[in-house]
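**Q** Quick one: this structure, given as structure tokens, is what I'll be asking you about.
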There are 2 protein chains.
Amino acid sequence: MPGRETSIDIIQRELTAFARRARHKASQLHPDLSLVTYSILDLINERGGCRAADVASYFMLDKSTVSRQVTALEKLDLLRRETDPDDQRGQILRATEAGLTLLRMAGEQRRIAFTARFTDWSDDDVARFAGYLARYGSED
Amino acid sequence: MPGRETSIDIIQRELTAFARRARHKASQLHPDLSLVTYSILDLINERGGCRAADVASYFMLDKSTVSRQVTALEKLDLLRRETDPDDQRGQILRATEAGLTLLRMAGEQRRIAFTARFTDWSDDDVARFAGYLARYGSED
DNA sequence: GCAAAATCGTTGTATAGTGCAACAAATTAC
DNA sequence: GTAATTTGTTGCACTATACAACGATTTTGC
């Protein structure tokens, strides 16, 4: 078993390399949805509607960036904004039917690709890997 | 234990979220080295010198992108290029002393940050997580 | 051997993604 | 009730990126 330091170096390097490749991968998997728009749409869907500020803080993006991406998604009719009745400054973002459909298709493509690379992993290993990633992500 | 499908969904989502945050994190950790330049310098260092084409294929970047990044790194005196004696088309990239120093400092910052978030993980869990990531990355 | 094809890197061009600063509108704090 | 905070938008600048066309070199096929 490698030492803790070495393990942490490996985690660093592998996660960074993944991040470097992610944009390209995403554009191959679903050419009509970039990594950033896919992620945003997926988040608001998973949350069942959320505000732009939530998206910004979750992905550590500037609010202006999110604002533009949301505008783009709205123009494509993939999401709609409703003024938050409890706070008229904010707006609640929700995926439209078209957005949900696209999300399902993109998700399916991703699932196929991800499943393919786990073919020689046991169910236990996949579950443990997911567990570690979730634990890692929850501490962000 | 969650099902395989669920686990794969979690892996997808967590890795994607990490990728979305990586740029911001990197710019905080080492403001003088962007995620992309850090990654490139780290790779050529780890490989003990390599060609631009290797960098491009490893990170799934266009060769023109790599060419410009390498030019920038050379201007900053962080790496140098040597024409490959065995193939005069290519060049071998190597980190300079200044590049190695910067890499060490940036690596230290990253190590501190990464170590901090694993404080409540056991050595075994860290090692297993690293193992899974390495296995995942090796199949790219 | 030599012509055709492939490889390696550069440069021109266009575009997307991002952050920062300044702003308007609404809400909260004191 | 004014001041501070929050939420989102817009103007501006800059970085990262891809694609295409190119020059130089090497490899391949006959």
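How things are named: the first chain in the structure tokens is A, the next is B, and so on; residues count from 1 in each chain; ligands count from 1 in the order shown.
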Near chain C, meaning an atom within 7 Å, which residues of chain A appear when counting only C-alpha atoms (C1' of nucleotides)? Write them as a list in words.

**A**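 Selected residues: Asp62, Thr65, Gln88 and Arg89 of chain A.
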
**Q** Got time to write the residues from that selection, C-alpha atoms, as a compact mmCIF listing (two decimals), in the first residue's frame?

**A**
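So result.txt came out as:
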# COMPACT_ATOMS: atom_id res chain seq x y z
CA ASP A 62 -19.12 34.23 -11.26
CA THR A 65 -21.12 33.81 -16.19
CA GLN A 88 -38.75 39.47 -6.16
CA ARG A 89 -35.04 39.97 -6.73

**Q** DSSP on the backbone, helix (DSSP H, G or I) only: what residues of segment 7-112 of chain B does that give? Format it as an MDAnalysis selection string.

**A** chainID B and resid 7:29 35:46 52:59 63:75 97:112

**Q** Counting only C-alpha atoms (C1' of nucleotides), a student should be able to say which residues of chain A come within 8 Å of chain D; what is the right answer, written as a ChimeraX atom specification?

**A** /A:53,63-64,67,89-90

**Q** Could you work out which residues of chain B fall inside 9 Å of chain A? Count only C-alpha atoms, and format the result as a PyMOL selection string.

**A** chain B and resi 1-25+35-36+39+42+58-61+107+110-111+114-115+117-118+123-134+136-137+139-140

**Q** Provide the atom CA of Pro31 of chain B to atom CA of Gln91 of chain B distance in Å, to one decimal place.

**A**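 Going from atom CA of Pro31 of chain B over to atom CA of Gln91 of chain B covers 28.3 Å.
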
**Q** Between atom CA of Ile44 of chain A and atom CA of Leu78 of chain A, what is the spacing in Å?

**A**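 Answer for the atom CA of Leu78 of chain A to atom CA of Ile44 of chain A separation: 11.3 Å.
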
**Q** Report, in Å with one decimal, the straight-line distance from atom CA of Asp84 of chain B to atom CA of Gly49 of chain B.

**A** 10.8 Å

**Q** If you count only C-alpha atoms (C1' of nucleotides), which residues fall within 10 Å of Leu41 of chain A, apart from same-chain ones fewer than 2 positions away, as a short mmCIF file (atom, residue, chain, number, x, y, z; two decimals) with N, CA and C atoms, in the first residue's frame?

**A**
data_model
loop_
_atom_site.label_atom_id
_atom_site.label_comp_id
_atom_site.auth_asym_id
_atom_site.auth_seq_id
_atom_site.Cartn_x
_atom_site.Cartn_y
_atom_site.Cartn_z
N LEU A 33 -24.79 20.31 -26.37
CA LEU A 33 -24.83 20.80 -25.00
C LEU A 33 -23.40 20.80 -24.48
N VAL A 36 -20.62 23.05 -19.59
CA VAL A 36 -21.17 23.99 -18.62
C VAL A 36 -22.69 24.04 -18.71
N THR A 37 -23.25 24.07 -19.90
CA THR A 37 -24.71 24.13 -19.99
C THR A 37 -25.33 22.81 -19.50
N TYR A 38 -24.70 21.71 -19.85
CA TYR A 38 -25.20 20.43 -19.35
C TYR A 38 -25.21 20.42 -17.82
N SER A 39 -24.11 20.86 -17.23
CA SER A 39 -24.01 20.82 -15.78
C SER A 39 -25.07 21.69 -15.12
N LEU A 43 -28.09 20.38 -12.79
CA LEU A 43 -28.23 20.82 -11.39
C LEU A 43 -29.62 21.35 -11.10
N ILE A 44 -30.13 22.22 -11.97
CA ILE A 44 -31.45 22.79 -11.67
C ILE A 44 -32.52 21.71 -11.75
N ASN A 45 -32.28 20.74 -12.58
CA ASN A 45 -33.23 19.63 -12.65
C ASN A 45 -33.18 18.79 -11.39
N GLU A 46 -31.98 18.46 -10.98
CA GLU A 46 -31.81 17.63 -9.78
C GLU A 46 -32.38 18.35 -8.56
N ARG A 47 -32.19 19.65 -8.50
CA ARG A 47 -32.69 20.41 -7.35
C ARG A 47 -34.20 20.68 -7.46
N GLY A 49 -35.52 22.88 -9.50
CA GLY A 49 -35.64 24.34 -9.61
C GLY A 49 -34.77 25.02 -8.58
N VAL A 55 -26.55 28.11 -8.46
CA VAL A 55 -25.72 27.52 -9.50
C VAL A 55 -24.30 28.07 -9.41
N GLN A 69 -25.06 32.12 -19.29
CA GLN A 69 -25.38 30.74 -19.66
C GLN A 69 -26.88 30.50 -19.55
N VAL A 70 -27.47 31.06 -18.51
CA VAL A 70 -28.91 30.90 -18.33
C VAL A 70 -29.67 31.58 -19.47
N LEU A 73 -29.50 29.31 -22.41
CA LEU A 73 -30.36 28.14 -22.24
C LEU A 73 -31.83 28.53 -22.43
N LEU A 78 -34.62 25.68 -23.27
CA LEU A 78 -34.31 24.52 -22.46
C LEU A 78 -34.65 24.75 -20.99
N LEU A 79 -34.76 26.01 -20.61
CA LEU A 79 -35.23 26.30 -19.26
C LEU A 79 -36.05 27.58 -19.30
N LEU A 93 -35.21 28.94 -11.57
CA LEU A 93 -34.92 28.34 -12.87
C LEU A 93 -35.49 26.93 -12.90
N ARG A 94 -36.17 26.61 -13.97
CA ARG A 94 -36.69 25.25 -14.14
C ARG A 94 -36.45 24.79 -15.56
N ALA A 95 -36.18 23.52 -15.71
CA ALA A 95 -36.02 22.95 -17.05
C ALA A 95 -37.39 22.88 -17.72
N THR A 96 -37.42 23.18 -19.01
CA THR A 96 -38.65 23.00 -19.78
C THR A 96 -38.76 21.53 -20.20
N GLY A 99 -35.98 20.86 -22.36
CA GLY A 99 -34.76 20.72 -21.57
C GLY A 99 -34.67 19.36 -20.93
N LEU A 100 -35.78 18.87 -20.40
CA LEU A 100 -35.78 17.55 -19.77
C LEU A 100 -35.47 16.46 -20.80
N LEU A 102 -33.78 16.77 -23.61
CA LEU A 102 -32.37 16.84 -23.98
C LEU A 102 -31.50 16.27 -22.87
N LEU A 103 -31.85 16.59 -21.65
CA LEU A 103 -31.11 16.11 -20.49
C LEU A 103 -31.15 14.59 -20.42
#

**Q** As a VMD selection string, please: every residue in segment 58-125 of chain B that a backbone DSSP assignment puts in strand (DSSP E).

**A** chain B and resid 79 to 83 91 to 95

**Q** Keeping only C-alpha atoms, take the residues you just selected and write them out as an mmCIF file, in the first residue's frame.

**A**
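Everything below was put into result.cif:
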data_model
loop_
_atom_site.group_PDB
_atom_site.id
_atom_site.type_symbol
_atom_site.label_atom_id
_atom_site.label_comp_id
_atom_site.auth_asym_id
_atom_site.auth_seq_id
_atom_site.Cartn_x
_atom_site.Cartn_y
_atom_site.Cartn_z
ATOM 1 C CA LEU B 79 10.308 25.227 -20.003
ATOM 2 C CA ARG B 80 12.619 24.930 -22.981
ATOM 3 C CA ARG B 81 12.346 23.089 -26.269
ATOM 4 C CA GLU B 82 15.038 20.978 -27.838
ATOM 5 C CA THR B 83 14.735 19.678 -31.340
ATOM 6 C CA GLN B 91 10.822 18.888 -30.189
ATOM 7 C CA ILE B 92 11.348 17.648 -26.700
ATOM 8 C CA LEU B 93 9.908 19.792 -23.957
ATOM 9 C CA ARG B 94 11.639 19.998 -20.606
ATOM 10 C CA ALA B 95 10.995 22.056 -17.514
#
